[in-house]
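Engineer: Below you'll find run.pdb; it's PDB, C-alpha atoms.
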ATOM      1  CA  MET Y   1       0.000   0.000   0.000  1.00  0.00           C
ATOM      2  CA  VAL Y   2       1.301   3.438  -0.932  1.00  0.00           C
ATOM      3  CA  MET Y   3       0.753   6.630   1.055  1.00  0.00           C
ATOM      4  CA  ARG Y   4       1.475  10.137  -0.167  1.00  0.00           C
ATOM      5  CA  ILE Y   5       1.873  13.151   2.155  1.00  0.00           C
ATOM      6  CA  GLU Y   6       0.949  16.655   1.030  1.00  0.00           C
ATOM      7  CA  VAL Y   7       0.932  20.123   2.577  1.00  0.00           C
ATOM      8  CA  VAL Y   8      -2.330  21.981   1.932  1.00  0.00           C
ATOM      9  CA  GLU Y   9      -2.214  25.751   2.429  1.00  0.00           C
ATOM     10  CA  ILE Y  10      -5.441  27.261   3.773  1.00  0.00           C
ATOM     11  CA  GLU Y  11      -6.360  30.246   1.634  1.00  0.00           C
ATOM     12  CA  LYS Y  12      -7.887  33.165   3.536  1.00  0.00           C
ATOM     13  CA  PRO Y  13      -7.551  36.941   3.712  1.00  0.00           C
ATOM     14  CA  ALA Y  14      -5.690  38.591   6.582  1.00  0.00           C
ATOM     15  CA  GLY Y  15      -7.940  39.133   9.584  1.00  0.00           C
ATOM     16  CA  VAL Y  16     -10.152  36.122   8.857  1.00  0.00           C
ATOM     17  CA  GLU Y  17     -10.218  33.438  11.545  1.00  0.00           C
ATOM     18  CA  ALA Y  18     -10.245  29.772  10.527  1.00  0.00           C
ATOM     19  CA  ILE Y  19     -11.381  26.652  12.341  1.00  0.00           C
ATOM     20  CA  ILE Y  20     -10.563  23.267  10.827  1.00  0.00           C
ATOM     21  CA  GLY Y  21     -12.108  20.108  12.232  1.00  0.00           C
ATOM     22  CA  GLN Y  22     -13.663  16.759  11.500  1.00  0.00           C
ATOM     23  CA  GLY Y  23     -17.184  15.557  12.063  1.00  0.00           C
ATOM     24  CA  ASN Y  24     -19.704  13.049  10.890  1.00  0.00           C
ATOM     25  CA  PHE Y  25     -22.972  13.010   8.952  1.00  0.00           C
ATOM     26  CA  SER Y  26     -22.171  16.050   6.805  1.00  0.00           C
ATOM     27  CA  ILE Y  27     -25.637  16.255   5.259  1.00  0.00           C
ATOM     28  CA  PHE Y  28     -26.989  17.998   8.362  1.00  0.00           C
ATOM     29  CA  THR Y  29     -23.862  18.866  10.380  1.00  0.00           C
ATOM     30  CA  VAL Y  30     -22.854  21.735   8.091  1.00  0.00           C
ATOM     31  CA  ASP Y  31     -26.224  23.443   8.684  1.00  0.00           C
ATOM     32  CA  ASP Y  32     -26.277  22.617  12.408  1.00  0.00           C
ATOM     33  CA  LEU Y  33     -22.845  24.181  12.861  1.00  0.00           C
ATOM     34  CA  ALA Y  34     -23.995  27.276  10.947  1.00  0.00           C
ATOM     35  CA  LYS Y  35     -26.951  27.683  13.319  1.00  0.00           C
ATOM     36  CA  ALA Y  36     -24.660  27.148  16.306  1.00  0.00           C
ATOM     37  CA  LEU Y  37     -22.266  29.867  15.103  1.00  0.00           C
ATOM     38  CA  LEU Y  38     -25.126  32.358  14.681  1.00  0.00           C
ATOM     39  CA  THR Y  39     -26.473  31.517  18.126  1.00  0.00           C
ATOM     40  CA  ALA Y  40     -23.062  31.912  19.780  1.00  0.00           C
ATOM     41  CA  VAL Y  41     -22.209  35.250  18.114  1.00  0.00           C
ATOM     42  CA  PRO Y  42     -25.164  36.924  16.341  1.00  0.00           C
ATOM     43  CA  VAL Y  43     -22.930  39.453  14.479  1.00  0.00           C
ATOM     44  CA  ILE Y  44     -20.612  36.769  13.089  1.00  0.00           C
ATOM     45  CA  LYS Y  45     -19.933  36.681   9.347  1.00  0.00           C
ATOM     46  CA  PHE Y  46     -18.891  33.221   8.182  1.00  0.00           C
ATOM     47  CA  GLY Y  47     -18.710  30.520   5.608  1.00  0.00           C
ATOM     48  CA  ILE Y  48     -18.586  26.842   6.486  1.00  0.00           C
ATOM     49  CA  ALA Y  49     -17.907  23.890   4.229  1.00  0.00           C
ATOM     50  CA  MET Y  50     -17.769  20.188   4.978  1.00  0.00           C
ATOM     51  CA  ASN Y  51     -16.672  17.264   2.840  1.00  0.00           C
ATOM     52  CA  GLU Y  52     -19.085  14.365   2.596  1.00  0.00           C
ATOM     53  CA  ALA Y  53     -17.518  10.956   1.939  1.00  0.00           C
ATOM     54  CA  LYS Y  54     -20.667   9.742   0.150  1.00  0.00           C
ATOM     55  CA  PRO Y  55     -21.534  11.163  -2.429  1.00  0.00           C
ATOM     56  CA  GLN Y  56     -18.031  12.677  -2.456  1.00  0.00           C
ATOM     57  CA  LEU Y  57     -18.930  16.352  -2.484  1.00  0.00           C
ATOM     58  CA  THR Y  58     -18.345  19.489  -0.453  1.00  0.00           C
ATOM     59  CA  ARG Y  59     -21.429  20.946   1.219  1.00  0.00           C
ATOM     60  CA  PHE Y  60     -21.365  24.621   2.255  1.00  0.00           C
ATOM     61  CA  THR Y  61     -23.407  27.399   3.831  1.00  0.00           C
ATOM     62  CA  GLY Y  62     -22.999  30.648   5.767  1.00  0.00           C
ATOM     63  CA  ASN Y  63     -24.046  34.272   5.756  1.00  0.00           C
ATOM     64  CA  ASP Y  64     -21.143  35.784   3.791  1.00  0.00           C
ATOM     65  CA  ARG Y  65     -20.963  34.595   0.182  1.00  0.00           C
ATOM     66  CA  GLY Y  66     -17.236  35.272  -0.191  1.00  0.00           C
ATOM     67  CA  LEU Y  67     -16.379  33.314   2.965  1.00  0.00           C
ATOM     68  CA  GLU Y  68     -18.743  30.487   1.922  1.00  0.00           C
ATOM     69  CA  GLU Y  69     -17.008  30.132  -1.448  1.00  0.00           C
ATOM     70  CA  LEU Y  70     -13.534  30.292   0.095  1.00  0.00           C
ATOM     71  CA  ALA Y  71     -14.427  27.737   2.785  1.00  0.00           C
ATOM     72  CA  ALA Y  72     -15.753  25.393   0.080  1.00  0.00           C
ATOM     73  CA  LYS Y  73     -12.617  25.878  -2.037  1.00  0.00           C
ATOM     74  CA  ASN Y  74     -10.377  25.073   0.960  1.00  0.00           C
ATOM     75  CA  ALA Y  75     -12.418  22.027   1.998  1.00  0.00           C
ATOM     76  CA  LEU Y  76     -12.309  20.646  -1.537  1.00  0.00           C
ATOM     77  CA  LYS Y  77      -8.545  21.225  -1.673  1.00  0.00           C
ATOM     78  CA  ILE Y  78      -8.138  19.287   1.617  1.00  0.00           C
ATOM     79  CA  GLY Y  79     -10.297  16.530   0.167  1.00  0.00           C
ATOM     80  CA  ALA Y  80     -10.547  14.416   3.336  1.00  0.00           C
ATOM     81  CA  GLY Y  81     -13.956  12.991   4.190  1.00  0.00           C
ATOM     82  CA  HIS Y  82     -15.964  14.722   6.905  1.00  0.00           C
ATOM     83  CA  VAL Y  83     -13.445  17.540   7.350  1.00  0.00           C
ATOM     84  CA  PHE Y  84     -14.985  20.985   7.871  1.00  0.00           C
ATOM     85  CA  VAL Y  85     -13.578  24.466   7.301  1.00  0.00           C
ATOM     86  CA  ILE Y  86     -15.048  27.516   9.002  1.00  0.00           C
ATOM     87  CA  LEU Y  87     -13.875  30.972   7.930  1.00  0.00           C
ATOM     88  CA  MET Y  88     -15.218  33.851  10.007  1.00  0.00           C
ATOM     89  CA  LYS Y  89     -15.105  37.552  10.816  1.00  0.00           C
ATOM     90  CA  ASN Y  90     -16.539  39.512  13.774  1.00  0.00           C
ATOM     91  CA  ALA Y  91     -15.743  36.653  16.160  1.00  0.00           C
ATOM     92  CA  PHE Y  92     -12.753  34.835  17.555  1.00  0.00           C
ATOM     93  CA  PRO Y  93     -12.391  31.068  17.876  1.00  0.00           C
ATOM     94  CA  ILE Y  94     -12.639  31.399  21.671  1.00  0.00           C
ATOM     95  CA  ASN Y  95     -16.193  32.716  21.158  1.00  0.00           C
ATOM     96  CA  VAL Y  96     -17.387  29.596  19.311  1.00  0.00           C
ATOM     97  CA  LEU Y  97     -15.040  26.660  19.989  1.00  0.00           C
ATOM     98  CA  ASN Y  98     -16.981  25.151  22.886  1.00  0.00           C
ATOM     99  CA  THR Y  99     -20.187  25.422  20.863  1.00  0.00           C
ATOM    100  CA  ILE Y 100     -18.564  23.650  17.918  1.00  0.00           C
ATOM    101  CA  LYS Y 101     -16.851  20.973  20.020  1.00  0.00           C
ATOM    102  CA  SER Y 102     -20.080  20.176  21.884  1.00  0.00           C
ATOM    103  CA  HIS Y 103     -22.005  19.311  18.696  1.00  0.00           C
ATOM    104  CA  PRO Y 104     -22.679  15.546  18.751  1.00  0.00           C
ATOM    105  CA  ALA Y 105     -21.357  15.034  15.200  1.00  0.00           C
ATOM    106  CA  VAL Y 106     -18.046  16.873  15.740  1.00  0.00           C
ATOM    107  CA  VAL Y 107     -15.194  14.437  16.281  1.00  0.00           C
ATOM    108  CA  MET Y 108     -12.321  16.892  16.735  1.00  0.00           C
ATOM    109  CA  VAL Y 109     -10.958  20.342  16.022  1.00  0.00           C
ATOM    110  CA  TYR Y 110      -7.504  20.321  14.420  1.00  0.00           C
ATOM    111  CA  GLY Y 111      -6.850  24.025  14.832  1.00  0.00           C
ATOM    112  CA  ALA Y 112      -8.354  27.482  15.153  1.00  0.00           C
ATOM    113  CA  SER Y 113      -6.418  30.626  14.316  1.00  0.00           C
ATOM    114  CA  GLU Y 114      -6.067  33.831  12.339  1.00  0.00           C
ATOM    115  CA  ASN Y 115      -2.475  32.818  11.589  1.00  0.00           C
ATOM    116  CA  PRO Y 116      -1.452  31.334   8.248  1.00  0.00           C
ATOM    117  CA  LEU Y 117      -2.424  27.637   8.351  1.00  0.00           C
ATOM    118  CA  GLN Y 118      -1.139  24.539   6.597  1.00  0.00           C
ATOM    119  CA  LEU Y 119      -2.613  21.065   6.904  1.00  0.00           C
ATOM    120  CA  ILE Y 120      -0.525  17.927   6.630  1.00  0.00           C
ATOM    121  CA  VAL Y 121      -2.687  15.576   4.555  1.00  0.00           C
ATOM    122  CA  ALA Y 122      -2.067  11.900   3.797  1.00  0.00           C
ATOM    123  CA  GLU Y 123      -3.531  10.124   0.787  1.00  0.00           C
ATOM    124  CA  THR Y 124      -4.004   6.370   0.402  1.00  0.00           C
ATOM    125  CA  GLU Y 125      -5.881   4.252  -2.113  1.00  0.00           C
ATOM    126  CA  LEU Y 126      -9.048   4.753  -0.027  1.00  0.00           C
ATOM    127  CA  GLY Y 127      -8.909   8.524   0.387  1.00  0.00           C
ATOM    128  CA  ARG Y 128      -7.381  11.437   2.275  1.00  0.00           C
ATOM    129  CA  ALA Y 129      -6.892  12.207   5.976  1.00  0.00           C
ATOM    130  CA  VAL Y 130      -5.663  15.208   7.947  1.00  0.00           C
ATOM    131  CA  LEU Y 131      -2.621  14.225  10.003  1.00  0.00           C
ATOM    132  CA  GLY Y 132      -2.113  17.591  11.660  1.00  0.00           C
ATOM    133  CA  ILE Y 133      -1.994  21.337  11.296  1.00  0.00           C
ATOM    134  CA  VAL Y 134       0.773  23.930  11.161  1.00  0.00           C
ATOM    135  CA  ASP Y 135      -0.440  27.111  12.903  1.00  0.00           C
ATOM    136  CA  GLY Y 136       1.742  30.108  12.095  1.00  0.00           C
ATOM    137  CA  LYS Y 137       5.487  30.555  12.301  1.00  0.00           C
ATOM    138  CA  ALA Y 138       7.844  28.621  14.586  1.00  0.00           C
ATOM    139  CA  THR Y 139       8.672  30.162  17.952  1.00  0.00           C
ATOM    140  CA  THR Y 140      12.192  31.610  18.154  1.00  0.00           C
ATOM    141  CA  ARG Y 141      12.580  33.021  21.673  1.00  0.00           C
ATOM    142  CA  ILE Y 142      11.192  33.210  25.218  1.00  0.00           C
ATOM    143  CA  GLU Y 143       9.384  36.371  26.281  1.00  0.00           C
ATOM    144  CA  THR Y 144      11.252  38.938  28.365  1.00  0.00           C
ATOM    145  CA  GLU Y 145       9.944  40.245  31.681  1.00  0.00           C
ATOM    146  CA  ASP Y 146       8.823  43.453  29.906  1.00  0.00           C
ATOM    147  CA  GLN Y 147       6.942  41.419  27.275  1.00  0.00           C
ATOM    148  CA  ARG Y 148       5.370  39.316  30.020  1.00  0.00           C
ATOM    149  CA  LYS Y 149       4.229  42.482  31.827  1.00  0.00           C
ATOM    150  CA  GLU Y 150       2.779  43.906  28.572  1.00  0.00           C
ATOM    151  CA  ARG Y 151       0.914  40.630  27.920  1.00  0.00           C
ATOM    152  CA  ARG Y 152      -0.599  40.563  31.375  1.00  0.00           C
ATOM    153  CA  GLU Y 153      -1.641  44.232  31.134  1.00  0.00           C
ATOM    154  CA  LEU Y 154      -3.329  43.554  27.786  1.00  0.00           C
ATOM    155  CA  VAL Y 155      -5.299  40.520  28.979  1.00  0.00           C
ATOM    156  CA  GLU Y 156      -6.400  42.360  32.103  1.00  0.00           C
ATOM    157  CA  LYS Y 157      -7.485  45.302  29.941  1.00  0.00           C
ATOM    158  CA  ILE Y 158      -9.782  43.014  27.945  1.00  0.00           C
ATOM    159  CA  GLY Y 159     -11.234  41.426  31.069  1.00  0.00           C
ATOM    160  CA  TYR Y 160      -9.074  38.389  31.839  1.00  0.00           C
ATOM    161  CA  THR Y 161      -7.249  38.154  35.134  1.00  0.00           C
ATOM    162  CA  ILE Y 162      -4.562  35.722  36.164  1.00  0.00           C
ATOM    163  CA  ASP Y 163      -4.904  36.026  39.927  1.00  0.00           C
TER     164      ASP Y 163
END
Output the file's structure as structure tokens, nothing else.
Structural biologist:
Amino acid sequence: MVMRIEVVEIEKPAGVEAIIGQGNFSIFTVDDLAKALLTAVPVIKFGIAMNEAKPQLTRFTGNDRGLEELAAKNALKIGAGHVFVILMKNAFPINVLNTIKSHPAVVMVYGASENPLQLIVAETELGRAVLGIVDGKATTRIETEDQRKERRELVEKIGYTID
């Protein structure tokens, strides 16, 4: 048996958040997740696409036509069955991740970020599978005390406290 590994770049404009995951029963899950996103953040703009293993097509929906089309293009490029791509504006992954993960048909979330994303995809005779995700650039240093202080001031300013 032969396996091929490929890097799939997720195409999205700067400032657009992406969530990549895997679920089941695509025929209704894509619409259920759309409703869940709207319930979690009513001002969200998004497109969601999900690959269905049978009949081998990408289903999509959303409330922003450009994000819908781009999510569908990315999902098709990934090509793995039951993988979903959510592209969104006016919300952060932290606002919707628990809602997405709690859906009964969602198996896992591979990643969620505004950073550039690459998926490591394997292909066999049967089909394709996501092996993992590359989320942004590699870390090159440890924060300084000044950077740590700035980080803590920022998170406290937006309502998060450490103590």
Engineer: With the PyMOL selection byres ((chain Y and resi 121-128) around 6) as the selection, what would be picked from this file? Answer as a ChimeraX atom specification, please.
Structural biologist: /Y:3-6,80,119-120,129-131
Engineer: Counting all atoms listed in the file, which residue out of Y:Ile19, Y:Leu76, Y:Leu70, Y:Val134 sits closest to Leu33 (chain Y)?
Structural biologist: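 Closest candidate: Y:Ile19.
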Engineer: Please, what distance in Å, to one decimal, runs between CA of Phe28 (chain Y) and CA of Leu87 (chain Y)?
Structural biologist: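 Between CA of Phe28 (chain Y) and CA of Leu87 (chain Y) the gap works out to 18.5 Å.
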Engineer: Taking (-13.9, 12.5, 14.3) as a centre in this file's frame and 9 Å as the limit, can you find every polymer residue with an atom that close, using all atoms listed in the file, and give them as a list in words?
Structural biologist: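 Within the cut-off we find Gly21, Gln22, Gly23, Asn24, His82, Val83, Ala105, Val106, Val107, Met108 and Val109 of chain Y.
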Engineer: Write out as a PyMOL selection string each polymer residue whose atoms come within 12 Å of Gly15 (chain Y), counting all atoms listed in the file; drop sequence neighbours fewer than 2 positions from it.
Structural biologist: chain Y and resi 12-13+17-18+87-92+113-116
Engineer: Residues picked by the PyMOL selection byres ((chain Y and resi 66-68) around 12) here, as a PyMOL selection string?
Structural biologist: chain Y and resi 11-13+16-18+30+34+44-50+58-65+69-75+84-89
Engineer: From (-21.6, 23.8, 15.0), in the file's coordinates, out to 9 Å: which residues are reached, counting only C-alpha atoms? Answer as a ChimeraX atom specification.
Structural biologist: /Y:29-37,96-97,99-103,105-106
Engineer: Would you mind exporting C-alpha atoms of the selected residues as an mmCIF file, in the frame of the given file?
Structural biologist:
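The file below, again_27.cif, is the result:
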data_model
loop_
_atom_site.group_PDB
_atom_site.id
_atom_site.type_symbol
_atom_site.label_atom_id
_atom_site.label_comp_id
_atom_site.auth_asym_id
_atom_site.auth_seq_id
_atom_site.Cartn_x
_atom_site.Cartn_y
_atom_site.Cartn_z
ATOM 1 C CA THR Y 29 -23.862 18.866 10.380
ATOM 2 C CA VAL Y 30 -22.854 21.735 8.091
ATOM 3 C CA ASP Y 31 -26.224 23.443 8.684
ATOM 4 C CA ASP Y 32 -26.277 22.617 12.408
ATOM 5 C CA LEU Y 33 -22.845 24.181 12.861
ATOM 6 C CA ALA Y 34 -23.995 27.276 10.947
ATOM 7 C CA LYS Y 35 -26.951 27.683 13.319
ATOM 8 C CA ALA Y 36 -24.660 27.148 16.306
ATOM 9 C CA LEU Y 37 -22.266 29.867 15.103
ATOM 10 C CA VAL Y 96 -17.387 29.596 19.311
ATOM 11 C CA LEU Y 97 -15.040 26.660 19.989
ATOM 12 C CA THR Y 99 -20.187 25.422 20.863
ATOM 13 C CA ILE Y 100 -18.564 23.650 17.918
ATOM 14 C CA LYS Y 101 -16.851 20.973 20.020
ATOM 15 C CA SER Y 102 -20.080 20.176 21.884
ATOM 16 C CA HIS Y 103 -22.005 19.311 18.696
ATOM 17 C CA ALA Y 105 -21.357 15.034 15.200
ATOM 18 C CA VAL Y 106 -18.046 16.873 15.740
#
Engineer: Of the candidates Y:Ile78, Y:Val41, Y:Met1, Y:Ile94, which shows the shortest atom-to-atom distance to Ile133 (chain Y), using all atoms listed in the file?
Structural biologist: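 Comparing Y:Ile78, Y:Val41, Y:Met1, Y:Ile94 against Ile133 (chain Y), the winner is Y:Ile78.
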Engineer: Between CA of Thr139 (chain Y) and CA of Asn98 (chain Y), what distance in Å does the model show, to one decimal?
Structural biologist: 26.6 Å
Engineer: For Ile20 (chain Y), which residue out of Y:Ala138, Y:Leu117, Y:Ile162, Y:Val2 is the nearest one, using all atoms listed in the file?
Structural biologist: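 Distance minimum relative to Ile20 (chain Y) lands on Y:Leu117.
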Engineer: Which distance in Å separates CA of Glu52 (chain Y) and CA of Ile27 (chain Y), to one decimal?
Structural biologist: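 Answer for the CA of Glu52 (chain Y) to CA of Ile27 (chain Y) separation: 7.3 Å.
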Engineer: Given the choices Y:Pro93, Y:Gly111, Y:Pro55, Y:Gly136, which gets closest to Phe25 (chain Y) if the distance is worked out from all atoms listed in the file?
Structural biologist: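 Comparing Y:Pro93, Y:Gly111, Y:Pro55, Y:Gly136 against Phe25 (chain Y), the winner is Y:Pro55.
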Engineer: Give the answer as one residue: which of Y:Leu57, Y:Val7, Y:Ile158, Y:Val43 has the shortest atom-to-atom distance to Gln118 (chain Y), using all atoms listed in the file?
Structural biologist: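 Smallest distance to Gln118 (chain Y) is found for Y:Val7.
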Engineer: Would you place a box with edges along x, y and z of the file around all atoms of region 85-92 of chain Y listed there, add 8 Å to each of its six sides, and report the centre and edge lengths in Å to one decimal, as lines of an AutoDock Vina configuration file?
Structural biologist:
center_x = -14.6
center_y = 32.0
center_z = 12.4
size_x = 19.8
size_y = 31.0
size_z = 26.3
Engineer: Will you model N, CA and C atoms for region 64-94 of chain Y and pass it back as an mmCIF file, in the coordinates of the input?
Structural biologist:
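The resulting file, part-v2.cif, is shown below:
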data_model
loop_
_atom_site.group_PDB
_atom_site.id
_atom_site.type_symbol
_atom_site.label_atom_id
_atom_site.label_comp_id
_atom_site.auth_asym_id
_atom_site.auth_seq_id
_atom_site.Cartn_x
_atom_site.Cartn_y
_atom_site.Cartn_z
ATOM 1 N N ASP Y 64 -22.036 34.906 4.545
ATOM 2 C CA ASP Y 64 -21.143 35.784 3.791
ATOM 3 C C ASP Y 64 -20.688 34.993 2.558
ATOM 4 N N ARG Y 65 -21.186 35.384 1.401
ATOM 5 C CA ARG Y 65 -20.963 34.595 0.182
ATOM 6 C C ARG Y 65 -19.482 34.384 -0.117
ATOM 7 N N GLY Y 66 -18.666 35.410 0.068
ATOM 8 C CA GLY Y 66 -17.236 35.272 -0.191
ATOM 9 C C GLY Y 66 -16.578 34.253 0.726
ATOM 10 N N LEU Y 67 -16.942 34.278 2.015
ATOM 11 C CA LEU Y 67 -16.379 33.314 2.965
ATOM 12 C C LEU Y 67 -16.918 31.909 2.704
ATOM 13 N N GLU Y 68 -18.180 31.798 2.281
ATOM 14 C CA GLU Y 68 -18.743 30.487 1.922
ATOM 15 C C GLU Y 68 -17.936 29.860 0.788
ATOM 16 N N GLU Y 69 -17.724 30.648 -0.273
ATOM 17 C CA GLU Y 69 -17.008 30.132 -1.448
ATOM 18 C C GLU Y 69 -15.571 29.758 -1.109
ATOM 19 N N LEU Y 70 -14.917 30.574 -0.281
ATOM 20 C CA LEU Y 70 -13.534 30.292 0.095
ATOM 21 C C LEU Y 70 -13.445 29.068 1.015
ATOM 22 N N ALA Y 71 -14.396 28.926 1.925
ATOM 23 C CA ALA Y 71 -14.427 27.737 2.785
ATOM 24 C C ALA Y 71 -14.610 26.485 1.940
ATOM 25 N N ALA Y 72 -15.514 26.546 0.961
ATOM 26 C CA ALA Y 72 -15.753 25.393 0.080
ATOM 27 C C ALA Y 72 -14.510 25.066 -0.744
ATOM 28 N N LYS Y 73 -13.841 26.091 -1.252
ATOM 29 C CA LYS Y 73 -12.617 25.878 -2.037
ATOM 30 C C LYS Y 73 -11.542 25.199 -1.184
ATOM 31 N N ASN Y 74 -11.375 25.661 0.060
ATOM 32 C CA ASN Y 74 -10.377 25.073 0.960
ATOM 33 C C ASN Y 74 -10.734 23.636 1.329
ATOM 34 N N ALA Y 75 -12.000 23.385 1.636
ATOM 35 C CA ALA Y 75 -12.418 22.027 1.998
ATOM 36 C C ALA Y 75 -12.183 21.063 0.840
ATOM 37 N N LEU Y 76 -12.525 21.495 -0.366
ATOM 38 C CA LEU Y 76 -12.309 20.646 -1.537
ATOM 39 C C LEU Y 76 -10.826 20.369 -1.740
ATOM 40 N N LYS Y 77 -9.995 21.387 -1.531
ATOM 41 C CA LYS Y 77 -8.545 21.225 -1.673
ATOM 42 C C LYS Y 77 -8.004 20.228 -0.635
ATOM 43 N N ILE Y 78 -8.533 20.255 0.584
ATOM 44 C CA ILE Y 78 -8.138 19.287 1.617
ATOM 45 C C ILE Y 78 -8.570 17.889 1.183
ATOM 46 N N GLY Y 79 -9.811 17.763 0.760
ATOM 47 C CA GLY Y 79 -10.297 16.530 0.167
ATOM 48 C C GLY Y 79 -10.586 15.379 1.104
ATOM 49 N N ALA Y 80 -10.323 15.508 2.385
ATOM 50 C CA ALA Y 80 -10.547 14.416 3.336
ATOM 51 C C ALA Y 80 -12.017 14.373 3.740
ATOM 52 N N GLY Y 81 -12.560 13.162 3.827
ATOM 53 C CA GLY Y 81 -13.956 12.991 4.190
ATOM 54 C C GLY Y 81 -14.272 13.518 5.577
ATOM 55 N N HIS Y 82 -15.402 14.205 5.662
ATOM 56 C CA HIS Y 82 -15.964 14.722 6.905
ATOM 57 C C HIS Y 82 -15.150 15.843 7.556
ATOM 58 N N VAL Y 83 -14.191 16.390 6.837
ATOM 59 C CA VAL Y 83 -13.445 17.540 7.350
ATOM 60 C C VAL Y 83 -14.265 18.799 7.085
ATOM 61 N N PHE Y 84 -14.292 19.713 8.076
ATOM 62 C CA PHE Y 84 -14.985 20.985 7.871
ATOM 63 C C PHE Y 84 -14.013 22.145 8.005
ATOM 64 N N VAL Y 85 -14.341 23.216 7.283
ATOM 65 C CA VAL Y 85 -13.578 24.466 7.301
ATOM 66 C C VAL Y 85 -14.554 25.585 7.617
ATOM 67 N N ILE Y 86 -14.262 26.330 8.663
ATOM 68 C CA ILE Y 86 -15.048 27.516 9.002
ATOM 69 C C ILE Y 86 -14.128 28.720 8.836
ATOM 70 N N LEU Y 87 -14.571 29.693 8.054
ATOM 71 C CA LEU Y 87 -13.875 30.972 7.930
ATOM 72 C C LEU Y 87 -14.821 32.029 8.477
ATOM 73 N N MET Y 88 -14.308 32.914 9.359
ATOM 74 C CA MET Y 88 -15.218 33.851 10.007
ATOM 75 C C MET Y 88 -14.573 35.195 10.317
ATOM 76 N N LYS Y 89 -15.452 36.192 10.402
ATOM 77 C CA LYS Y 89 -15.105 37.552 10.816
ATOM 78 C C LYS Y 89 -16.070 37.952 11.928
ATOM 79 N N ASN Y 90 -15.717 38.977 12.679
ATOM 80 C CA ASN Y 90 -16.539 39.512 13.774
ATOM 81 C C ASN Y 90 -16.675 38.540 14.949
ATOM 82 N N ALA Y 91 -15.775 37.595 15.036
ATOM 83 C CA ALA Y 91 -15.743 36.653 16.160
ATOM 84 C C ALA Y 91 -14.356 36.027 16.205
ATOM 85 N N PHE Y 92 -14.010 35.547 17.368
ATOM 86 C CA PHE Y 92 -12.753 34.835 17.555
ATOM 87 C C PHE Y 92 -13.074 33.374 17.844
ATOM 88 N N PRO Y 93 -12.136 32.472 17.559
ATOM 89 C CA PRO Y 93 -12.391 31.068 17.876
ATOM 90 C C PRO Y 93 -12.834 30.846 19.321
ATOM 91 N N ILE Y 94 -12.265 31.583 20.263
ATOM 92 C CA ILE Y 94 -12.639 31.399 21.671
ATOM 93 C C ILE Y 94 -14.134 31.633 21.892
#
